>>> print(open('target34.tsv').read())   # TSV, C-alpha atoms
chain	number	residue	atom	x	y	z
F	1	MET	CA	-39.21	16.04	162.71
F	2	VAL	CA	-40.30	15.81	159.08
F	3	ILE	CA	-39.74	17.99	156.06
F	4	SER	CA	-42.70	17.55	153.77
F	5	ASP	CA	-43.91	18.87	150.45
F	6	GLY	CA	-46.93	20.17	152.32
F	7	LYS	CA	-49.45	18.18	150.28
F	8	SER	CA	-50.08	15.42	152.83
F	9	GLN	CA	-49.83	15.10	156.57
F	10	LYS	CA	-49.90	12.36	159.19
F	11	ASN	CA	-51.28	13.29	162.58
F	12	ASP	CA	-48.39	11.74	164.52
F	13	ASP	CA	-45.63	13.58	162.62
F	14	VAL	CA	-44.07	16.97	163.21
F	15	TYR	CA	-43.68	18.92	159.97
F	16	LEU	CA	-41.27	21.61	158.92
F	17	LEU	CA	-42.47	23.14	155.66
F	18	VAL	CA	-39.89	24.31	153.15
F	19	THR	CA	-40.92	26.60	150.33
F	20	LYS	CA	-39.60	26.24	146.79
F	21	LYS	CA	-38.29	29.80	146.88
F	22	LYS	CA	-36.08	29.06	149.85
F	23	LEU	CA	-34.66	25.98	148.18
F	24	LEU	CA	-33.65	27.51	144.85
F	25	LEU	CA	-29.95	26.97	144.27
F	26	LYS	CA	-27.14	28.63	142.35
F	27	ASN	CA	-23.95	26.63	142.85
F	28	LYS	CA	-20.63	27.50	141.25
F	29	ASN	CA	-19.47	23.87	141.43
F	30	THR	CA	-22.21	22.60	139.14
F	31	VAL	CA	-22.79	22.86	135.42
F	32	ASN	CA	-25.24	25.67	134.66
F	33	LEU	CA	-27.57	24.41	131.95
F	34	GLU	CA	-29.21	27.79	131.43
F	35	GLU	CA	-26.12	29.73	130.34
F	36	ASN	CA	-25.44	29.80	126.58
F	37	PRO	CA	-28.06	27.17	125.76
F	38	GLY	CA	-27.09	27.24	122.10
F	39	ASN	CA	-23.43	26.54	122.77
F	40	GLY	CA	-23.87	22.83	123.35
F	41	GLY	CA	-20.42	21.85	122.08
F	42	ALA	CA	-18.64	24.11	124.54
F	43	LEU	CA	-20.79	22.85	127.41
F	44	ILE	CA	-19.99	19.23	126.56
F	45	ASN	CA	-16.26	20.04	126.32
F	46	ASN	CA	-16.36	21.78	129.71
F	47	LEU	CA	-18.19	18.82	131.20
F	48	LEU	CA	-15.68	16.42	129.68
F	49	ASP	CA	-12.80	18.44	131.16
F	50	SER	CA	-14.47	18.24	134.57
F	51	MET	CA	-14.94	14.48	134.20
F	52	ARG	CA	-11.24	14.00	133.41
F	53	ALA	CA	-10.10	16.26	136.24
F	54	SER	CA	-12.18	14.44	138.87
F	55	SER	CA	-11.59	10.94	137.47
F	56	PRO	CA	-7.89	10.43	136.61
F	57	THR	CA	-7.34	7.13	134.78
F	58	ARG	CA	-3.62	6.81	135.50
F	59	ARG	CA	-0.94	8.08	137.83
F	60	HIS	CA	1.74	10.46	136.58
F	61	THR	CA	5.03	11.05	138.38
F	62	ALA	CA	5.84	14.73	138.10
F	63	ALA	CA	8.62	16.87	139.48
F	64	GLY	CA	7.70	18.17	142.89
F	65	GLU	CA	4.92	15.59	143.42
F	66	ASP	CA	6.51	14.21	146.59
F	67	PHE	CA	6.96	17.74	147.93
F	68	ASN	CA	3.31	18.56	147.20
F	69	HIS	CA	2.19	15.43	149.01
F	70	ILE	CA	4.28	16.29	152.06
F	71	SER	CA	2.94	19.86	152.07
F	72	TRP	CA	-0.63	18.59	151.79
F	73	ASN	CA	-0.10	16.17	154.67
F	74	LEU	CA	1.18	19.02	156.83
F	75	LEU	CA	-2.08	20.91	156.18
F	76	HIS	CA	-4.27	17.81	156.50
F	77	PRO	CA	-2.47	15.36	158.81
F	78	SER	CA	-3.44	11.76	159.46
F	79	ALA	CA	-6.52	11.36	161.67
F	80	LEU	CA	-5.09	8.04	162.88
F	81	SER	CA	-1.85	9.60	164.03
F	82	ASN	CA	-3.80	12.39	165.72
F	83	PHE	CA	-6.53	10.24	167.26
F	84	GLU	CA	-5.64	11.12	170.86
F	85	LYS	CA	-5.52	14.82	169.98
F	86	ILE	CA	-8.99	14.67	168.39
F	87	MET	CA	-10.41	12.80	171.37
F	88	ALA	CA	-8.87	15.34	173.77
F	89	VAL	CA	-10.56	18.22	171.97
F	90	SER	CA	-13.89	16.36	172.09
F	91	GLU	CA	-13.66	15.67	175.83
F	92	GLY	CA	-16.86	16.57	177.66
F	93	LYS	CA	-18.84	16.87	174.42
F	94	GLN	CA	-21.33	14.58	172.70
F	95	ILE	CA	-19.63	13.05	169.68
F	96	VAL	CA	-21.89	12.54	166.65
F	97	VAL	CA	-20.48	10.44	163.81
F	98	PHE	CA	-21.28	10.96	160.11
F	99	LEU	CA	-19.97	8.49	157.53
F	100	ASP	CA	-20.07	8.49	153.75
F	101	TYR	CA	-20.57	5.05	152.22
F	102	ASP	CA	-18.72	4.48	148.92
F	103	GLY	CA	-14.99	4.97	149.34
F	104	THR	CA	-15.34	5.32	153.12
F	105	LEU	CA	-17.18	2.28	154.47
F	106	SER	CA	-16.76	0.25	151.29
F	107	PRO	CA	-14.09	0.29	148.58
F	108	ILE	CA	-14.80	1.91	145.23
F	109	VAL	CA	-15.68	-0.95	142.86
F	110	ALA	CA	-16.48	-1.28	139.17
F	111	ASP	CA	-20.07	-2.43	139.75
F	112	PRO	CA	-21.89	-0.03	142.12
F	113	ASP	CA	-24.34	-2.80	143.05
F	114	ARG	CA	-21.45	-4.81	144.50
F	115	ALA	CA	-20.01	-2.16	146.82
F	116	PHE	CA	-20.42	-4.40	149.85
F	117	ILE	CA	-19.36	-3.46	153.35
F	118	THR	CA	-17.13	-6.04	155.05
F	119	PRO	CA	-18.40	-7.85	158.15
F	120	GLN	CA	-15.56	-6.28	160.12
F	121	MET	CA	-16.52	-2.77	159.05
F	122	ARG	CA	-20.19	-3.45	159.86
F	123	ASP	CA	-19.24	-4.64	163.34
F	124	THR	CA	-17.14	-1.52	163.86
F	125	VAL	CA	-19.98	0.80	162.82
F	126	LYS	CA	-22.39	-1.13	165.04
F	127	ASN	CA	-20.07	-0.67	168.02
F	128	VAL	CA	-19.58	3.03	167.26
F	129	ALA	CA	-23.37	3.48	167.21
F	130	LYS	CA	-23.61	1.95	170.69
F	131	VAL	CA	-21.62	4.92	172.01
F	132	PHE	CA	-22.35	7.81	169.64
F	133	PRO	CA	-25.31	8.81	167.44
F	134	THR	CA	-24.20	7.62	164.00
F	135	ALA	CA	-25.44	8.50	160.51
F	136	ILE	CA	-24.62	7.27	157.00
F	137	VAL	CA	-24.72	10.15	154.50
F	138	SER	CA	-24.54	9.00	150.87
F	139	GLY	CA	-25.44	9.90	147.31
F	140	ARG	CA	-27.00	6.45	146.96
F	141	SER	CA	-30.67	5.85	147.60
F	142	ARG	CA	-31.41	5.48	151.30
F	143	SER	CA	-32.94	2.03	150.81
F	144	LYS	CA	-29.87	0.72	148.95
F	145	VAL	CA	-27.46	1.98	151.62
F	146	TYR	CA	-29.66	0.43	154.31
F	147	ASP	CA	-29.59	-2.89	152.44
F	148	PHE	CA	-25.79	-2.71	152.31
F	149	VAL	CA	-25.30	-1.77	155.98
F	150	GLY	CA	-28.33	-3.39	157.62
F	151	LEU	CA	-28.13	-1.62	160.99
F	152	PRO	CA	-31.54	-0.22	162.06
F	153	GLU	CA	-30.07	1.82	164.92
F	154	LEU	CA	-28.36	4.24	162.50
F	155	TYR	CA	-29.63	7.38	160.81
F	156	TYR	CA	-29.58	7.13	157.01
F	157	ALA	CA	-29.35	10.11	154.65
F	158	GLY	CA	-29.58	9.03	151.01
F	159	SER	CA	-29.77	11.00	147.74
F	160	HIS	CA	-27.06	13.41	148.96
F	161	GLY	CA	-29.07	14.14	152.09
F	162	MET	CA	-32.43	14.61	150.37
F	163	ASP	CA	-33.89	11.45	151.92
F	164	ILE	CA	-33.27	11.14	155.66
F	165	LYS	CA	-34.72	8.60	158.03
F	166	GLY	CA	-33.74	7.61	161.52
F	167	PRO	CA	-34.92	5.94	164.70
F	168	SER	CA	-37.39	7.72	166.95
F	169	ILE	CA	-35.95	9.65	169.90
F	170	GLU	CA	-37.48	11.07	173.06
F	171	SER	CA	-36.74	14.68	172.11
F	172	ASN	CA	-38.91	14.17	169.01
F	173	ARG	CA	-41.82	12.84	171.10
F	174	GLY	CA	-41.27	9.34	169.80
F	175	ASN	CA	-41.85	10.32	166.16
F	176	GLU	CA	-39.69	8.83	163.46
F	177	ILE	CA	-37.26	11.29	161.91
F	178	LEU	CA	-37.99	11.85	158.23
F	179	CYS	CA	-36.81	14.49	155.76
F	180	GLN	CA	-37.56	14.54	152.01
F	181	PRO	CA	-37.21	18.12	150.70
F	182	ALA	CA	-37.11	16.95	147.05
F	183	LYS	CA	-40.10	14.62	147.21
F	184	GLU	CA	-41.91	16.30	144.31
F	185	PHE	CA	-38.99	15.51	141.97
F	186	GLN	CA	-39.25	11.73	142.28
F	187	PRO	CA	-41.52	11.20	139.21
F	188	LEU	CA	-39.19	13.32	137.06
F	189	ILE	CA	-36.12	11.43	138.28
F	190	GLU	CA	-37.79	8.12	137.43
F	191	GLN	CA	-38.68	9.40	133.97
F	192	LEU	CA	-35.15	10.63	133.25
F	193	CYS	CA	-33.68	7.38	134.52
F	194	LYS	CA	-35.62	5.41	131.90
F	195	ILE	CA	-34.63	7.85	129.13
F	196	LEU	CA	-30.93	7.91	130.06
F	197	THR	CA	-30.78	4.15	130.50
F	198	GLU	CA	-32.11	3.72	126.97
F	199	LYS	CA	-29.81	6.36	125.45
F	200	THR	CA	-26.64	5.05	127.09
F	201	LYS	CA	-27.21	1.38	126.22
F	202	ARG	CA	-24.90	1.82	123.24
F	203	ILE	CA	-22.00	2.91	125.49
F	204	PRO	CA	-20.34	-0.20	126.98
F	205	GLY	CA	-19.77	0.07	130.73
F	206	CYS	CA	-22.09	3.03	131.34
F	207	ILE	CA	-24.48	2.48	134.26
F	208	VAL	CA	-27.44	4.72	135.19
F	209	GLU	CA	-28.43	4.38	138.85
F	210	ASN	CA	-31.74	5.65	140.23
F	211	ASN	CA	-31.11	7.04	143.71
F	212	LYS	CA	-34.76	8.05	144.25
F	213	PHE	CA	-34.30	11.84	144.34
F	214	CYS	CA	-31.21	12.01	142.11
F	215	LEU	CA	-29.49	10.06	139.35
F	216	SER	CA	-25.93	8.77	139.08
F	217	VAL	CA	-24.40	8.08	135.67
F	218	HIS	CA	-21.36	5.87	136.31
F	219	PHE	CA	-18.61	5.86	133.67
F	220	ARG	CA	-15.86	4.06	135.63
F	221	CYS	CA	-16.01	1.10	133.24
F	222	VAL	CA	-16.39	3.21	130.08
F	223	ASP	CA	-13.38	3.56	127.78
F	224	GLU	CA	-12.01	7.08	128.19
F	225	GLN	CA	-12.41	7.63	124.45
F	226	ARG	CA	-16.19	7.31	124.98
F	227	TRP	CA	-16.49	9.72	127.90
F	228	GLY	CA	-17.51	12.44	125.46
F	229	ASP	CA	-20.42	10.25	124.37
F	230	VAL	CA	-21.53	9.93	127.99
F	231	ALA	CA	-21.34	13.69	128.49
F	232	GLY	CA	-23.23	14.31	125.25
F	233	GLU	CA	-26.07	11.96	126.09
F	234	VAL	CA	-26.48	13.36	129.60
F	235	LYS	CA	-26.44	16.93	128.36
F	236	SER	CA	-28.93	16.19	125.56
F	237	VAL	CA	-31.42	14.71	128.02
F	238	ILE	CA	-31.34	17.31	130.80
F	239	LYS	CA	-30.67	20.51	128.82
F	240	ASP	CA	-34.34	21.52	128.95
F	241	TYR	CA	-34.82	20.74	132.64
F	242	HIS	CA	-33.70	23.93	134.36
F	243	GLN	CA	-35.05	22.66	137.67
F	244	LEU	CA	-32.16	20.16	137.71
F	245	ARG	CA	-28.44	20.60	138.19
F	246	LEU	CA	-25.52	18.52	136.97
F	247	SER	CA	-22.40	17.88	139.03
F	248	HIS	CA	-19.54	15.42	138.86
F	249	GLY	CA	-17.59	13.15	141.17
F	250	ARG	CA	-15.06	10.37	140.82
F	251	ASN	CA	-16.13	8.51	137.65
F	252	VAL	CA	-19.73	9.62	138.05
F	253	LEU	CA	-22.07	12.36	136.85
F	254	GLU	CA	-24.80	13.38	139.28
F	255	ILE	CA	-28.20	14.81	138.30
F	256	ARG	CA	-29.98	16.44	141.22
F	257	PRO	CA	-32.90	18.81	141.84
F	258	ALA	CA	-31.73	22.43	141.83
F	259	ILE	CA	-32.71	23.05	145.42
F	260	LYS	CA	-30.62	24.40	148.25
F	261	TRP	CA	-30.04	21.09	149.95
F	262	ASP	CA	-26.89	18.98	150.17
F	263	LYS	CA	-24.94	16.85	152.64
F	264	GLY	CA	-24.19	19.95	154.69
F	265	ASN	CA	-27.90	20.66	155.10
F	266	ALA	CA	-28.41	17.03	156.03
F	267	VAL	CA	-25.84	17.34	158.81
F	268	GLU	CA	-27.54	20.49	160.14
F	269	PHE	CA	-30.95	18.81	160.00
F	270	LEU	CA	-29.68	15.79	161.92
F	271	PHE	CA	-28.11	18.07	164.55
F	272	GLU	CA	-31.53	19.59	165.16
F	273	SER	CA	-33.39	16.27	165.01
F	274	ILE	CA	-31.06	14.49	167.40
F	275	GLY	CA	-31.51	17.39	169.80
F	276	HIS	CA	-28.18	19.23	169.65
F	277	GLY	CA	-28.75	22.05	167.17
F	278	ARG	CA	-25.88	24.51	167.38
F	279	SER	CA	-25.00	23.53	170.92
F	280	ASN	CA	-21.36	23.93	171.88
F	281	GLY	CA	-21.66	20.61	173.66
F	282	VAL	CA	-21.66	18.57	170.45
F	283	PHE	CA	-18.58	17.36	168.55
F	284	PRO	CA	-19.40	16.08	165.04
F	285	VAL	CA	-16.93	13.83	163.24
F	286	TYR	CA	-17.61	13.55	159.49
F	287	ILE	CA	-15.63	11.05	157.38
F	288	GLY	CA	-16.01	11.05	153.59
F	289	ASP	CA	-14.09	10.77	150.34
F	290	ASP	CA	-16.25	12.52	147.75
F	291	LEU	CA	-16.52	16.06	146.42
F	292	THR	CA	-20.08	16.19	147.76
F	293	ASP	CA	-18.73	15.62	151.29
F	294	GLU	CA	-17.08	19.04	151.08
F	295	ASP	CA	-20.51	20.57	151.73
F	296	ALA	CA	-20.52	18.83	155.11
F	297	PHE	CA	-16.91	19.80	155.81
F	298	ARG	CA	-17.88	23.41	155.09
F	299	VAL	CA	-20.67	23.32	157.70
F	300	LEU	CA	-18.27	22.03	160.35
F	301	ARG	CA	-15.65	24.63	159.46
F	302	ASN	CA	-18.16	27.50	159.42
F	303	THR	CA	-19.63	26.52	162.80
F	304	GLY	CA	-16.24	25.78	164.34
F	305	GLN	CA	-17.53	22.42	165.54
F	306	GLY	CA	-15.94	19.01	165.25
F	307	VAL	CA	-13.64	17.73	162.53
F	308	GLY	CA	-13.98	16.75	158.89
F	309	ILE	CA	-11.84	13.82	157.73
F	310	LEU	CA	-11.18	13.23	154.03
F	311	VAL	CA	-10.48	9.70	152.79
F	312	SER	CA	-7.94	10.06	149.98
F	313	LYS	CA	-4.52	8.74	148.99
F	314	THR	CA	-3.78	11.72	146.78
F	315	PRO	CA	-3.64	15.47	147.55
F	316	LYS	CA	-6.75	17.42	146.63
F	317	GLU	CA	-8.37	20.67	147.61
F	318	THR	CA	-10.47	20.11	150.72
F	319	LEU	CA	-12.06	21.82	153.71
F	320	SER	CA	-11.37	18.82	155.93
F	321	SER	CA	-9.05	19.05	158.93
F	322	TYR	CA	-7.58	15.56	158.74
F	323	THR	CA	-7.18	12.71	156.27
F	324	LEU	CA	-7.26	8.93	156.05
F	325	LYS	CA	-5.87	7.02	153.09
F	326	GLU	CA	-8.53	4.35	152.52
F	327	PRO	CA	-11.58	2.59	154.01
F	328	GLN	CA	-9.30	0.30	156.06
F	329	GLU	CA	-7.93	3.36	157.85
F	330	ALA	CA	-11.46	4.68	158.34
F	331	SER	CA	-12.29	1.37	160.00
F	332	LYS	CA	-9.22	1.57	162.26
F	333	PHE	CA	-10.02	5.16	163.26
F	334	SER	CA	-13.64	4.28	164.06
F	335	TYR	CA	-12.64	1.12	165.93
F	336	LYS	CA	-10.31	3.09	168.23
F	337	SER	CA	-13.31	5.05	169.54
F	338	THR	CA	-15.31	1.96	170.52
F	339	PRO	CA	-15.52	0.39	174.00
F	340	THR	CA	-13.99	-2.83	172.58
F	341	SER	CA	-10.85	-0.92	171.66
F	342	MET	CA	-10.64	0.84	175.01
F	343	SER	CA	-11.20	-2.26	177.16
>>> encode(input="target34.tsv", output="structure tokens")
Amino acid sequence: MVISDGKSQKNDDVYLLVTKKKLLLKNKNTVNLEENPGNGGALINNLLDSMRASSPTRRHTAAGEDFNHISWNLLHPSALSNFEKIMAVSEGKQIVVFLDYDGTLSPIVADPDRAFITPQMRDTVKNVAKVFPTAIVSGRSRSKVYDFVGLPELYYAGSHGMDIKGPSIESNRGNEILCQPAKEFQPLIEQLCKILTEKTKRIPGCIVENNKFCLSVHFRCVDEQRWGDVAGEVKSVIKDYHQLRLSHGRNVLEIRPAIKWDKGNAVEFLFESIGHGRSNGVFPVYIGDDLTDEDAFRVLRNTGQGVGILVSKTPKETLSSYTLKEPQEASKFSYKSTPTSMS
């Protein structure tokens, strides 16, 4: 199944056309560039506050912190400790595994180009894919995630789900799965990448990453005193592009097309493509650490299917059912589901 822009067509592909009207987005979790266009200072300050909230630079010990952590763990218990319970609920159903990349399969590192997956983690994912349909869902470009992971048997959803490709399956008449609902935005993204790269050169540590259908502006290695400069440059470049939206994650600003498509839509698309749709016989397991993974957790919660698992050492608001502390725990959880573990 393919989502196309409708301008070109290959005879061997099956197309699902998506109109621009259907994809228009209004999201409360993103910065609205159309409201108060003349109040640039306030917008930058709001963006800076969001950057600080999502990217803490140090740990503070506050009264009641231990109690809050215990309360959070009661609401979102360890997926490792509850592995048998999760497997019992999934009994008789087809498990489908969705994995974020950064912070889930690989550790968060200073240089995004060096976020390598360990050989052990790769072997675990390879073994999981032998048993369950498995997809990597990332904000990175699909090609870069594929280069990191290097397993052709997986489904890959890059650009926050706006670039999906996977192996052919019988239910799709042997056609390769492909979905690119933001294809028309690629020239604009390339143009903005060049502009932002030039404008942020004066900010040490700032990295602009082209993810094909979206941009990531990394400020992990930028001195916190210069975060305002990063916010100002980003805002100055995209303020006139109302067809784009700006969101934030851990030490990163994300520029994406303002269409109604996210990781949750990617999960739904893959359900349909793999041949399960909204079948009660499927049990999706989604593991991720980022704010953008909440869109996928929301889909699972709304459909009452499967479990969402957040990778995080610290309490945060989430729609996930369970938690893991770090990529090593994600590896252990995944390994327990493989035939090697059960033999």
>>> axis_aligned_box(input="target34.tsv", around="region 317-320 of chain F", padding_each_side="3 Å", output="lines of an AutoDock Vina configuration file")
center_x = -10.2
center_y = 20.3
center_z = 151.8
size_x = 9.7
size_y = 9.0
size_z = 14.3
>>> closest_residue(input="target34.tsv", among="F:Leu192, F:Ala266, F:Lys260, F:Glu233", to="Leu178 (chain F)", atoms="only C-alpha atoms")
F:Ala266
>>> residues_around(input="target34.tsv", residues="region 284-294 of chain F", least_positions_apart="5", cutoff="10 Å", atoms="only C-alpha atoms", output="PyMOL selection string")
chain F and resi 29+54+86+90+93-105+132-139+160+247-250+262-264+267+271+299-300+305-313+316-320+322-327+330+334
>>> atom_distance(input="target34.tsv", atom1="CA of Lys332 (chain F)", atom2="CA of Met87 (chain F)")
14.5 Å
>>> atom_distance(input="target34.tsv", atom1="CA of Tyr335 (chain F)", atom2="CA of Asp123 (chain F)")
9.1 Å
>>> closest_residue(input="target34.tsv", among="F:Phe213, F:Trp72, F:Phe185, F:Trp227", to="Thr200 (chain F)", atoms="all atoms listed in the file")
F:Trp227
>>> closest_residue(input="target34.tsv", among="F:Ser141, F:Lys130, F:Thr197, F:Leu246", to="Leu47 (chain F)", atoms="only C-alpha atoms")
F:Leu246
>>> residues_near_point(input="target34.tsv", point="(-41.1, 13.0, 147.8)", cutoff="10 Å", atoms="all atoms listed in the file", output="list in words")
Ile3, Ser4, Asp5, Met162, Asp163, Cys179, Gln180, Pro181, Ala182, Lys183, Glu184, Phe185, Gln186, Pro187, Lys212 and Phe213 of chain F
>>> atom_distance(input="target34.tsv", atom1="CA of Thr124 (chain F)", atom2="CA of Ser78 (chain F)")
19.6 Å
>>> closest_residue(input="target34.tsv", among="F:Gln328, F:Phe148, F:Tyr155, F:Ile108", to="Ala129 (chain F)", atoms="all atoms listed in the file")
F:Tyr155
>>> closest_residue(input="target34.tsv", among="F:Asn210, F:Gly205, F:Thr118, F:Arg298", to="Glu224 (chain F)", atoms="all atoms listed in the file")
F:Gly205
>>> closest_residue(input="target34.tsv", among="F:Leu253, F:Cys221, F:Ala88, F:Leu215", to="Ile189 (chain F)", atoms="only C-alpha atoms")
F:Leu215
>>> residues_around(input="target34.tsv", residues="Arg122 (chain F)", least_positions_apart="4", cutoff="10 Å", atoms="all atoms listed in the file", output="PDB file with C-alpha atoms, in the frame of the given file")
ATOM      1  CA  LEU F 105     -17.180   2.280 154.470  1.00  0.00           C
ATOM      2  CA  SER F 106     -16.760   0.250 151.290  1.00  0.00           C
ATOM      3  CA  ILE F 117     -19.360  -3.460 153.350  1.00  0.00           C
ATOM      4  CA  THR F 118     -17.130  -6.040 155.050  1.00  0.00           C
ATOM      5  CA  LYS F 126     -22.390  -1.130 165.040  1.00  0.00           C
ATOM      6  CA  ASN F 127     -20.070  -0.670 168.020  1.00  0.00           C
ATOM      7  CA  VAL F 128     -19.580   3.030 167.260  1.00  0.00           C
ATOM      8  CA  PHE F 148     -25.790  -2.710 152.310  1.00  0.00           C
ATOM      9  CA  VAL F 149     -25.300  -1.770 155.980  1.00  0.00           C
ATOM     10  CA  GLY F 150     -28.330  -3.390 157.620  1.00  0.00           C
ATOM     11  CA  LEU F 151     -28.130  -1.620 160.990  1.00  0.00           C
ATOM     12  CA  SER F 331     -12.290   1.370 160.000  1.00  0.00           C
TER      13      SER F 331
END
>>> residues_around(input="target34.tsv", residues="Val208 (chain F)", least_positions_apart="4", cutoff="7 Å", atoms="only C-alpha atoms", output="number ranges by chain")
F: 193, 196-197, 216-218
>>> write_last_selection(input="target34.tsv", atoms="C-alpha atoms", output="mmCIF file, keeping the file's coordinate frame")
data_model
loop_
_atom_site.group_PDB
_atom_site.id
_atom_site.type_symbol
_atom_site.label_atom_id
_atom_site.label_comp_id
_atom_site.auth_asym_id
_atom_site.auth_seq_id
_atom_site.Cartn_x
_atom_site.Cartn_y
_atom_site.Cartn_z
ATOM 1 C CA CYS F 193 -33.680 7.380 134.520
ATOM 2 C CA LEU F 196 -30.930 7.910 130.060
ATOM 3 C CA THR F 197 -30.780 4.150 130.500
ATOM 4 C CA SER F 216 -25.930 8.770 139.080
ATOM 5 C CA VAL F 217 -24.400 8.080 135.670
ATOM 6 C CA HIS F 218 -21.360 5.870 136.310
#
